[in-house]
There are 6 protein chains.
Amino acid sequence: MRLHVVNPNTTRAMTDKIALAARAIAGTGTEIVASQPEFGPVSIEGYYDEAFAVPGMLMALREADSQGVDGHIIACFDDTGLDAARSVARAPVIGIGEAAFHMATLVASRFSVVTTLALSIVPIEHNLMRYGLASRCARVRAAGVPVLALEQRNAEACGRISDEIRRAIAEDQAEAIVLGCAGMADLAGELSAEHGLPVIDGVAAAVGLMESLVRLGLRTSKLGAWRTPPVKPYAGIFSDFAVG
Amino acid sequence: MRLHVVNPNTTRAMTDKIALAARAIAGTGTEIVASQPEFGPVSIEGYYDEAFAVPGMLMALREADSQGVDGHIIACFDDTGLDAARSVARAPVIGIGEAAFHMATLVASRFSVVTTLALSIVPIEHNLMRYGLASRCARVRAAGVPVLALEQRNAEACGRISDEIRRAIAEDQAEAIVLGCAGMADLAGELSAEHGLPVIDGVAAAVGLMESLVRLGLRTSKLGAWRTPPVKPYAGIFSDFAVG
Amino acid sequence: MRLHVVNPNTTRAMTDKIALAARAIAGTGTEIVASQPEFGPVSIEGYYDEAFAVPGMLMALREADSQGVDGHIIACFDDTGLDAARSVARAPVIGIGEAAFHMATLVASRFSVVTTLALSIVPIEHNLMRYGLASRCARVRAAGVPVLALEQRNAEACGRISDEIRRAIAEDQAEAIVLGCAGMADLAGELSAEHGLPVIDGVAAAVGLMESLVRLGLRTSKLGAWRTPPVKPYAGIFSDFAVG
Amino acid sequence: MRLHVVNPNTTRAMTDKIALAARAIAGTGTEIVASQPEFGPVSIEGYYDEAFAVPGMLMALREADSQGVDGHIIACFDDTGLDAARSVARAPVIGIGEAAFHMATLVASRFSVVTTLALSIVPIEHNLMRYGLASRCARVRAAGVPVLALEQRNAEACGRISDEIRRAIAEDQAEAIVLGCAGMADLAGELSAEHGLPVIDGVAAAVGLMESLVRLGLRTSKLGAWRTPPVKPYAGIFSDFAVG
Amino acid sequence: MRLHVVNPNTTRAMTDKIALAARAIAGTGTEIVASQPEFGPVSIEGYYDEAFAVPGMLMALREADSQGVDGHIIACFDDTGLDAARSVARAPVIGIGEAAFHMATLVASRFSVVTTLALSIVPIEHNLMRYGLASRCARVRAAGVPVLALEQRNAEACGRISDEIRRAIAEDQAEAIVLGCAGMADLAGELSAEHGLPVIDGVAAAVGLMESLVRLGLRTSKLGAWRTPPVKPYAGIFSDFAVG
Amino acid sequence: MRLHVVNPNTTRAMTDKIALAARAIAGTGTEIVASQPEFGPVSIEGYYDEAFAVPGMLMALREADSQGVDGHIIACFDDTGLDAARSVARAPVIGIGEAAFHMATLVASRFSVVTTLALSIVPIEHNLMRYGLASRCARVRAAGVPVLALEQRNAEACGRISDEIRRAIAEDQAEAIVLGCAGMADLAGELSAEHGLPVIDGVAAAVGLMESLVRLGLRTSKLGAWRTPPVKPYAGIFSDFAVG
């Protein structure tokens with residue numbers, strides 16, 4: 001099968017890193033294609049960046065969809081644009097945030113999330129509420145680590161994440177940790193060994209879940225909120241982006 | 001005071017109608033300026049349209065904000081782009097959906113929402129959940145009425161809305177009705193008289209709430225999810241839309 | 001329009017102070033009339049006092065209602081007697097507690113309440129639960145400040161409130177503060193400036209909301225819990241207080 | 001032990017009937033004393049009546065309390081004045097509504113309430129929410145039966161209650177029925193036999209629970225919301241009702 | 001009446017101690033018979049032990065049931081096997097955990113649980129969620145005390161429980177304490193006196209509640225989840241344990 | 001990898017059918033071994049059967065675990081014994097009920113469950129509550145079909161299931177259907193085609209999820225409720241079943 005991983009920001013280096021993580025976990029017979037938008041923010045920090053990341057991400061997704069992939073993975077922990085993607089794609093779509101949450105509940109009765117910046121706490125909490133899994137998450141925590149520091153595997157950044165995990169175990173009675181940023185993918189194994197509990201990376205989780213969905217032949221239901229958007233004109237710079 | 005009402009779709013006629021409704025309720029001394037995006041869908045039906053409506057709406061909002069308005073009202077019942085707008089605007093921002101929900105709770109212990117199409121039910125339910133008011137809403141109902149029919153005050157469309165209100169009273173024990181579409185603004189008075197219960201239009205509710213916020217000097221908190229977005233480059237067609 | 005603010009305790013000085021706060025925020029064209037019960041406790045601290053405050057408050061409210069006011073505001077943060085008031089008044093009724101909670105959600109994704117005494121924490125939590133807004137409130141806190149100290153603008157009392165706000169920001173990640181006592185009305189501006197976040201006083205919030213309700217022509221629904229009480233005899237000292 | 005049952009309305013005949021029901025279930029060695037307020041409404045239908053029932057009920061309760069009873073039962077299904085009663089009484093206090101809910105959960109995973117009039121639905125729902133038992137109640141239903149008809153064991157009234165129970169079993173999957181009015185006490189056995197499921201009367205449930213509380217030596221906690229009210233003057237007709 | 005108390009583990013000494021506690025609280029005319037399984041774990045610590053405790057407990061319960069007792073009490077704080085017991089017993093069944101929770105809500109608006117080991121926290125939380133009482137419980141705490149230490153009334157163990165109660169009052173604003181282990185029954189009075197708040201033991205609570213259920217003639221509803229199990233063969237060592 | 005599927009009842013034919021369904025979906029390189037208990041009920045209908053199914057199921061699971069499998073799947077829709085299994089197994093464990101629920105949320109914003117008998121509705125609702133996914137499930141429905149009829153692919157039974165799905169779409173606004181019985185596995189494809197929405201079978205869902213867990217190297221956390229049971233003696237017929 002062929003899975004499409006879309007990085008919703010325009011930074012090619014991040015796309016490459018994510019694709020690597022996806023390929024590392026993919027089953028034999030699974031091909032990973034990766035892309036990023038042609039326009040939009042170089043990174044997504046907060047709601048304003050997100051609004052400008054989604055249109056380009058949807059374009060990248062529609063292009064891959066028309067070329068016949070079996071599933072899409074949105075590789076941003078906020079699950080940016082997930083609803084719109086499900087409405088417009090033929091193939092099923094999973095966000096790395098929701099993937100990590102679901103996997104965590106299978107190995108822990110209670111988990112905590114460790115993300116990069118305080119700015120991301122509320123959006124993650126809202127997603128947990130919508131997905132229905134808020135009662136399984138003890139707390140969403142921010143390590144105070146900028147994404148860039150993660151890119152460089154900065155020792156101080158890694159230390160802060162490790163400290164926050166320690167606090168989650170002691171204060172939240174967390175039994176597992178969800179890493180709240182695509183850029184932390186390569187830290188999961190090490191942190192799990194260090195702290196003696198499951199540490200879950202969303203990219204790996206999403207690849208596994210999507211392979212299952214595809215093998216089960218499950219696609220997005222078109223009876224409810226994610227039905228195909230009605231045809232209509234789009235004005236101005238978006239005139240080519242309308243459906244139909 | 002000067003309030004800015006932004007219609008997130010590109011249909012000028014709808015902007016004019018909304019502005020009229022806003023001016024009808026505004027206090028003396030309140031000036032209403034209205035705008036719509038320069039690019040994007042002609043109407044918003046579902047998550048895909050929403051994704052392409054938000055960038056242009058945010059641009060319209062930033063322009064009005066820089067010209068010194070005292071508050072912004074997003075005139076789409078889904079409260080499209082509300083989080084991003086709060087992050088980037090200097091002045092406070094209210095969505096017409098949330099405004100109607102809050103007002104309804106002050107005159108009814110339980111209300112139902114009557115919106116246009118089934119497609120909108122889930123997004124409205126999600127908003128109610130986030131706002132914390134889901135327990136006050138008995139049910140979100142769709143009258144099966146396309147927005148266009150509303151524009152023309154089509155008799156059949158109005159009849160369907162009235163029928164749905166009747167069902168809400170009988171089946172949901174609804175004590176008030178929230179009209180789930182900016183295009184229904186002019187029906188509130190009539191329907192309230194017909195059914196003998198409060199019928200709430202979001203545009204009017206939002207103008208009232210915003211006048212209060214402005215007079216109280218309250219602005220969006222910058223300590224949490226809505227802090228000002230960090231400065232960063234945006235690529236491609238969005239290169240001019242970055243903050244800073 | 002003419003709004004009636006009722007202070008549910010029998011202390012005239014407090015009524016005057018509340019009326020002052022209400023007039024300071026009221027729009028041009030809004031007249032504020034204020035009253036307090038002729039009988040009952042001099043202040044309301046806990047459920048027992050509340051039970052003896054409500055009958056006199058309802059009498060004051062019915063008298064003003066019969067004289068033709070457009071809306072009533074119950075100026076006690078516990079929203080004392082709100083349900084009974086809505087059942088019996090012709091004009092709409094708002095409590096200052098609920099008013100403050102609704103306003104807070106428009107400028108903060110999460111707020112904390114700072115009230116006077118620990119005795120008030122549970123009643124406020126119950127109101128938040130009923131209104132549906134419990135999920136938006138991080139924590140209800142008591143500053144350990146007696147109401148009297150507030151009346152005198154006691155420096156130590158103000159210091160304790162400020163300390164509690166500091167803790168709410170640090171420990172609860174509160175993005176806004178609701179002041180949980182009518183007697184704190186005059187502190188909101190100062191505390192907002194000191195702590196750099198919205199600080200909301202219920203009296204001001206209620207005046208704004210009521211002006212909106214009146215302008216929208218919205219009145220309490222009579223289809224549910226707040227329908228007009230059935231006519232019946234009342235025995236003993238309450239014989240004149242029956243409806244009809 | 002000596003238990004005090006207080007009927008919060010001023011109708012002596014109802015007090016007698018309730019006392020009879022209480023004595024029928026009380027253990028040997030349990031004495032039942034019953035009282036009603038000296039002033040207030042002849043029956044309680046809705047929030048306004050409730051407000052005028054509570055002061056007289058509290059007086060009756062304080063008098064019995066000072067004479068040395070071991071526990072108080074408030075015999076109105078709305079649990080009228082329960083919080084205030086707990087604050088001021090030395091002995092523990094139970095409402096018949098909460099008693100019935102707790103008992104129902106011990107014999108049924110899901111129950112429905114059948115009360116008299118639609119007016120009572122919302123107050124009962126709010127109590128269930130506060131007590132924490134809302135998730136165990138499938139639905140609160142009104143049989144459309146006036147309290148007076150119950151007093152006379154009117155055949156039509158009994159038929160309506162029975163019909164409503166039938167609907168609760170079929171539509172709500174109710175496994176037990178809570179009778180939502182003190183005046184239905186004598187119907188429980190018959191309705192249980194007719195419908196083949198537990199039918200619970202609050203008066204009987206409260207007597208049982210209170211006997212347990214007394215034997216366990218448990219009294220209302222004074223650490224939280226129900227602490228003894230602070231001493232203070234009460235003005236006017238309530239001047240004798242102040243604590244201390 | 002005759003009540004059957006079943007200790008779900010095979011340690012006879014514990015059965016004797018529990019029977020003693022039950023008899024101490026039982027009313028005159030109530031006979032307590034006690035039993036324990038013939039096979040299974042000597043104590044129950046966690047889900048694995050529980051799985052092997054339930055079959056023997058159900059056998060002991062069926063035997064007592066066939067001999068004509070009026071009610072069963074399952075004397076393990078986890079309410080081990082409660083659902084299966086309700087399905088198979090003719091007489092009503094109560095668990096000591098649920099009994100304690102219900103009693104606590106009648107004397108405190110918010111309680112905390114103090115149990116033995118951290119292993120038990122999640123199962124107790126799940127029970128609270130199912131019973132609907134999670135919102136009334138501030139926190140489930142473990143004192144880090146092995147059950148054996150309790151059997152011997154070890155001074156250090158008692159000290160740890162007392163310390164944990166102190167923390168519950170200070171940190172959770174707990175107004176009452178539920179003791180989360182049948183083995184703590186004899187400590188309730190002393191701890192209540194020491195800390196000045198209600199301390200509730202489940203064995204005593206369950207005896208009181210069961211006496212009430214029996215006197216009210218209430219039995220487990222057979223309309224829902226607890227209907228009598230269908231007749232069917234059981235294989236192997238359980239062949240004699242099938243119903244019918 | 002090698003996955004162990006355990007059928008918790010003692011009917012070998014059902015084990016074979018489940019193994020077939022599991023092998024049909026398993027990836028290349030995944031070996032499926034299947035087992036059932038040596039003692040216990042021939043089918044599981046209700047809580048009593050469940051109690052006698054778990055010990056034998058745990059023995060089968062421990063045996064497979066000691067022989068080195070990579071994951072266990074409990075093939076009963078009630079997720080019978082899941083907590084005990086997680087406590088005692090070295091390899092991760094998934095129940096087919098939870099697997100189906102998680103998968104459903106990835107393709108539908110709202111799903112309904114269609115199970116065999118009314119007896120199973122409450123246990124499934126409780127699982128949804130514990131897993132945190134209750135808000136995603138519109139309704140748990142029973143088709144009134146005995147398990148045996150499913151075994152024989154009885155036409156009437158299939159018709160009833162199909163009718164219930166039709167009602168779920170019309171009345172619950174369900175966007176996907178979860179089949180609530182391992183015996184319905186072979187119907188999923190057909191029913192999905194007939195009704196035009198995703199229909200999810202738990203066996204297939206669990207195999208996919210377990211392959212992902214294994215490839216990610218995730219195992220049950222031992223920090224919380226699922227820690228390894230402490231060593232202790234077991235009496236009587238269970239003496240060989242103790243841990244350690």
# chains A, B, ... in the order shown; residues from 1 in each chain; ligands from 1
call {"tool": "closest_atom_pairs", "arguments": {"of": "chain D", "to": "chain F", "cutoff": "12 Å", "atoms": "only C-alpha atoms", "output": "Markdown table"}}
result
| residue | atom | partner | partner_atom | distance |
| --- | --- | --- | --- | --- |
| D:Ala108 | CA | F:Val122 | CA | 10.9 |
| D:Ser109 | CA | F:Val122 | CA | 7.8 |
| D:Arg110 | CA | F:Val122 | CA | 9.0 |
| D:Ser135 | CA | F:Met129 | CA | 10.7 |
| D:Arg136 | CA | F:Val122 | CA | 11.4 |
| D:Gln173 | CA | F:Ala118 | CA | 9.8 |
| D:Ala174 | CA | F:Val122 | CA | 11.6 |
| D:Glu175 | CA | F:Val122 | CA | 11.3 |
call {"tool": "select_by_dssp", "arguments": {"residues": "range 98-184 of chain A", "states": "strand (DSSP E)", "output": "short mmCIF file (atom, residue, chain, number, x, y, z; two decimals) with N, CA and C atoms, in the first residue's frame"}}
result
data_model
loop_
_atom_site.label_atom_id
_atom_site.label_comp_id
_atom_site.auth_asym_id
_atom_site.auth_seq_id
_atom_site.Cartn_x
_atom_site.Cartn_y
_atom_site.Cartn_z
N PHE A 111 -2.63 8.80 30.74
CA PHE A 111 -1.38 9.30 30.15
C PHE A 111 -1.29 10.81 30.27
N SER A 112 -0.07 11.35 30.14
CA SER A 112 0.10 12.80 30.04
C SER A 112 0.75 13.11 28.69
N VAL A 113 0.50 14.33 28.21
CA VAL A 113 1.12 14.79 26.97
C VAL A 113 2.23 15.76 27.34
N VAL A 114 3.40 15.64 26.69
CA VAL A 114 4.47 16.63 26.85
C VAL A 114 4.70 17.28 25.49
N THR A 115 4.33 18.56 25.38
CA THR A 115 4.47 19.28 24.11
C THR A 115 5.59 20.32 24.23
N CYS A 137 -6.56 11.49 29.68
CA CYS A 137 -5.34 12.30 29.75
C CYS A 137 -5.27 13.02 31.09
N ALA A 138 -4.23 12.75 31.86
CA ALA A 138 -4.08 13.37 33.17
C ALA A 138 -3.79 14.86 33.02
N ARG A 139 -2.90 15.21 32.09
CA ARG A 139 -2.52 16.62 31.93
C ARG A 139 -1.74 16.85 30.65
N VAL A 140 -1.96 18.00 30.03
CA VAL A 140 -1.14 18.41 28.89
C VAL A 140 -0.09 19.37 29.42
N ARG A 141 1.18 19.04 29.22
CA ARG A 141 2.29 19.82 29.76
C ARG A 141 3.16 20.37 28.65
N ALA A 142 3.76 21.54 28.89
CA ALA A 142 4.70 22.12 27.92
C ALA A 142 6.09 22.11 28.54
N ALA A 176 1.82 6.54 30.99
CA ALA A 176 2.45 6.60 29.68
C ALA A 176 2.58 8.06 29.30
N ILE A 177 3.49 8.36 28.36
CA ILE A 177 3.71 9.74 27.90
C ILE A 177 3.46 9.79 26.40
N VAL A 178 2.68 10.78 25.97
CA VAL A 178 2.52 11.07 24.55
C VAL A 178 3.39 12.28 24.23
N LEU A 179 4.27 12.15 23.24
CA LEU A 179 5.13 13.28 22.85
C LEU A 179 4.34 14.19 21.92
N GLY A 180 4.18 15.45 22.32
CA GLY A 180 3.26 16.32 21.63
C GLY A 180 3.84 17.15 20.51
#
call {"tool": "residues_around", "arguments": {"residues": "range 58-73 of chain D", "least_positions_apart": "3", "cutoff": "6 Å", "atoms": "only C-alpha atoms", "output": "PyMOL selection string"}}
result
chain D and resi 2-5+37+55+91-95
call {"tool": "residues_around", "arguments": {"residues": "Asp78 in chain D", "least_positions_apart": "6", "cutoff": "10 Å", "atoms": "only C-alpha atoms", "output": "JSON, numbers by chain"}}
result
{"D": [44, 45, 46, 47, 50, 95, 96, 97, 98, 120, 121, 123, 124, 125, 126, 127, 180, 181, 182]}
call {"tool": "residues_around", "arguments": {"residues": "Ala188 in chain E", "least_positions_apart": "5", "cutoff": "8 Å", "atoms": "only C-alpha atoms", "output": "PyMOL selection string"}}
result
chain E and resi 179+199-201
call {"tool": "residues_around", "arguments": {"residues": "Asp163 in chain A", "least_positions_apart": "6", "cutoff": "12 Å", "atoms": "only C-alpha atoms", "output": "compact mmCIF listing (two decimals) with N, CA and C atoms, in the first residue's frame"}}
result
# COMPACT_ATOMS: atom_id res chain seq x y z
N VAL A 114 3.40 15.64 26.69
CA VAL A 114 4.47 16.63 26.85
C VAL A 114 4.70 17.28 25.49
N ARG A 141 1.18 19.04 29.22
CA ARG A 141 2.29 19.82 29.76
C ARG A 141 3.16 20.37 28.65
N ALA A 142 3.76 21.54 28.89
CA ALA A 142 4.70 22.12 27.92
C ALA A 142 6.09 22.11 28.54
N ALA A 143 7.06 21.68 27.75
CA ALA A 143 8.45 21.61 28.25
C ALA A 143 9.18 22.94 28.09
N GLY A 144 8.55 23.89 27.40
CA GLY A 144 9.22 25.17 27.16
C GLY A 144 10.39 25.03 26.21
N VAL A 145 10.20 24.21 25.18
CA VAL A 145 11.27 23.92 24.22
C VAL A 145 10.83 24.36 22.84
N GLU A 156 20.07 20.54 25.99
CA GLU A 156 19.26 21.19 27.01
C GLU A 156 17.77 20.94 26.77
N ALA A 157 17.36 21.00 25.49
CA ALA A 157 15.96 20.75 25.14
C ALA A 157 15.57 19.35 25.56
N ILE A 169 5.07 11.79 35.81
CA ILE A 169 4.95 10.52 36.55
C ILE A 169 4.65 10.80 38.02
N ALA A 170 5.37 11.74 38.59
CA ALA A 170 5.23 12.01 40.03
C ALA A 170 3.92 12.73 40.35
N LEU A 191 13.63 7.91 25.72
CA LEU A 191 12.89 8.38 26.90
C LEU A 191 12.13 7.24 27.57
N GLU A 194 14.64 5.38 29.60
CA GLU A 194 15.08 6.17 30.75
C GLU A 194 14.04 6.18 31.88
N HIS A 195 12.77 6.29 31.52
CA HIS A 195 11.74 6.48 32.55
C HIS A 195 10.93 5.22 32.85
call {"tool": "residues_around", "arguments": {"residues": "Arg153 in chain B", "least_positions_apart": "5", "cutoff": "10 Å", "atoms": "only C-alpha atoms", "output": "compact mmCIF listing (two decimals) with N, CA and C atoms, in the first residue's frame"}}
result
# COMPACT_ATOMS: atom_id res chain seq x y z
N LEU B 148 -29.50 29.78 0.24
CA LEU B 148 -30.04 30.62 -0.82
C LEU B 148 -31.55 30.87 -0.65
N CYS B 158 -39.22 29.08 5.05
CA CYS B 158 -39.66 29.61 6.34
C CYS B 158 -40.58 28.62 7.04
N GLY B 183 -28.15 34.09 7.99
CA GLY B 183 -29.19 34.44 7.02
C GLY B 183 -30.60 34.39 7.56
N MET B 184 -30.76 33.90 8.80
CA MET B 184 -32.11 33.82 9.38
C MET B 184 -32.42 35.03 10.27
N ASP B 186 -33.52 37.98 10.05
CA ASP B 186 -34.76 38.74 9.97
C ASP B 186 -36.01 37.94 10.35
N LEU B 187 -35.84 36.67 10.65
CA LEU B 187 -37.00 35.84 11.00
C LEU B 187 -37.29 35.77 12.49
call {"tool": "select_by_dssp", "arguments": {"residues": "range 43-213 of chain F", "states": "alpha helix (DSSP H)", "output": "ChimeraX atom specification"}}
result
/F:47-66,82-88,96-107,121-131,147-151,155-172,188-195,202-213
call {"tool": "decode", "arguments": {"residues": "range 213-228 of chain D", "atoms": "N, CA and C atoms", "output": "short mmCIF file (atom, residue, chain, number, x, y, z; two decimals), in the first residue's frame"}}
result
data_model
loop_
_atom_site.label_atom_id
_atom_site.label_comp_id
_atom_site.auth_asym_id
_atom_site.auth_seq_id
_atom_site.Cartn_x
_atom_site.Cartn_y
_atom_site.Cartn_z
N LEU D 213 -27.70 6.52 59.07
CA LEU D 213 -26.80 7.63 59.43
C LEU D 213 -26.70 7.77 60.94
N VAL D 214 -27.85 7.72 61.60
CA VAL D 214 -27.86 7.91 63.05
C VAL D 214 -27.11 6.77 63.73
N ARG D 215 -27.39 5.55 63.31
CA ARG D 215 -26.72 4.42 63.95
C ARG D 215 -25.20 4.46 63.71
N LEU D 216 -24.81 4.99 62.56
CA LEU D 216 -23.38 5.11 62.26
C LEU D 216 -22.75 6.33 62.96
N GLY D 217 -23.59 7.16 63.55
CA GLY D 217 -23.06 8.33 64.23
C GLY D 217 -22.52 9.39 63.27
N LEU D 218 -23.04 9.40 62.05
CA LEU D 218 -22.53 10.37 61.07
C LEU D 218 -23.35 11.66 61.11
N ARG D 219 -22.65 12.78 61.13
CA ARG D 219 -23.32 14.08 61.10
C ARG D 219 -22.74 14.94 59.98
N THR D 220 -23.50 15.93 59.59
CA THR D 220 -23.08 16.85 58.53
C THR D 220 -21.69 17.42 58.80
N SER D 221 -20.81 17.33 57.83
CA SER D 221 -19.47 17.91 57.96
C SER D 221 -19.56 19.43 58.06
N LYS D 222 -18.78 19.98 58.94
CA LYS D 222 -18.79 21.43 59.12
C LYS D 222 -17.55 22.08 58.52
N LEU D 223 -16.84 21.34 57.68
CA LEU D 223 -15.61 21.88 57.09
C LEU D 223 -15.85 22.63 55.78
N GLY D 224 -17.02 22.47 55.17
CA GLY D 224 -17.17 23.03 53.83
C GLY D 224 -18.36 23.95 53.72
N ALA D 225 -19.21 23.63 52.75
CA ALA D 225 -20.33 24.50 52.39
C ALA D 225 -21.40 24.56 53.47
N TRP D 226 -21.43 23.55 54.33
CA TRP D 226 -22.50 23.49 55.31
C TRP D 226 -22.06 23.91 56.71
N ARG D 227 -21.01 24.69 56.82
CA ARG D 227 -20.58 25.11 58.16
C ARG D 227 -21.64 26.00 58.81
N THR D 228 -21.62 26.08 60.12
CA THR D 228 -22.60 26.86 60.86
C THR D 228 -22.57 28.32 60.41
#
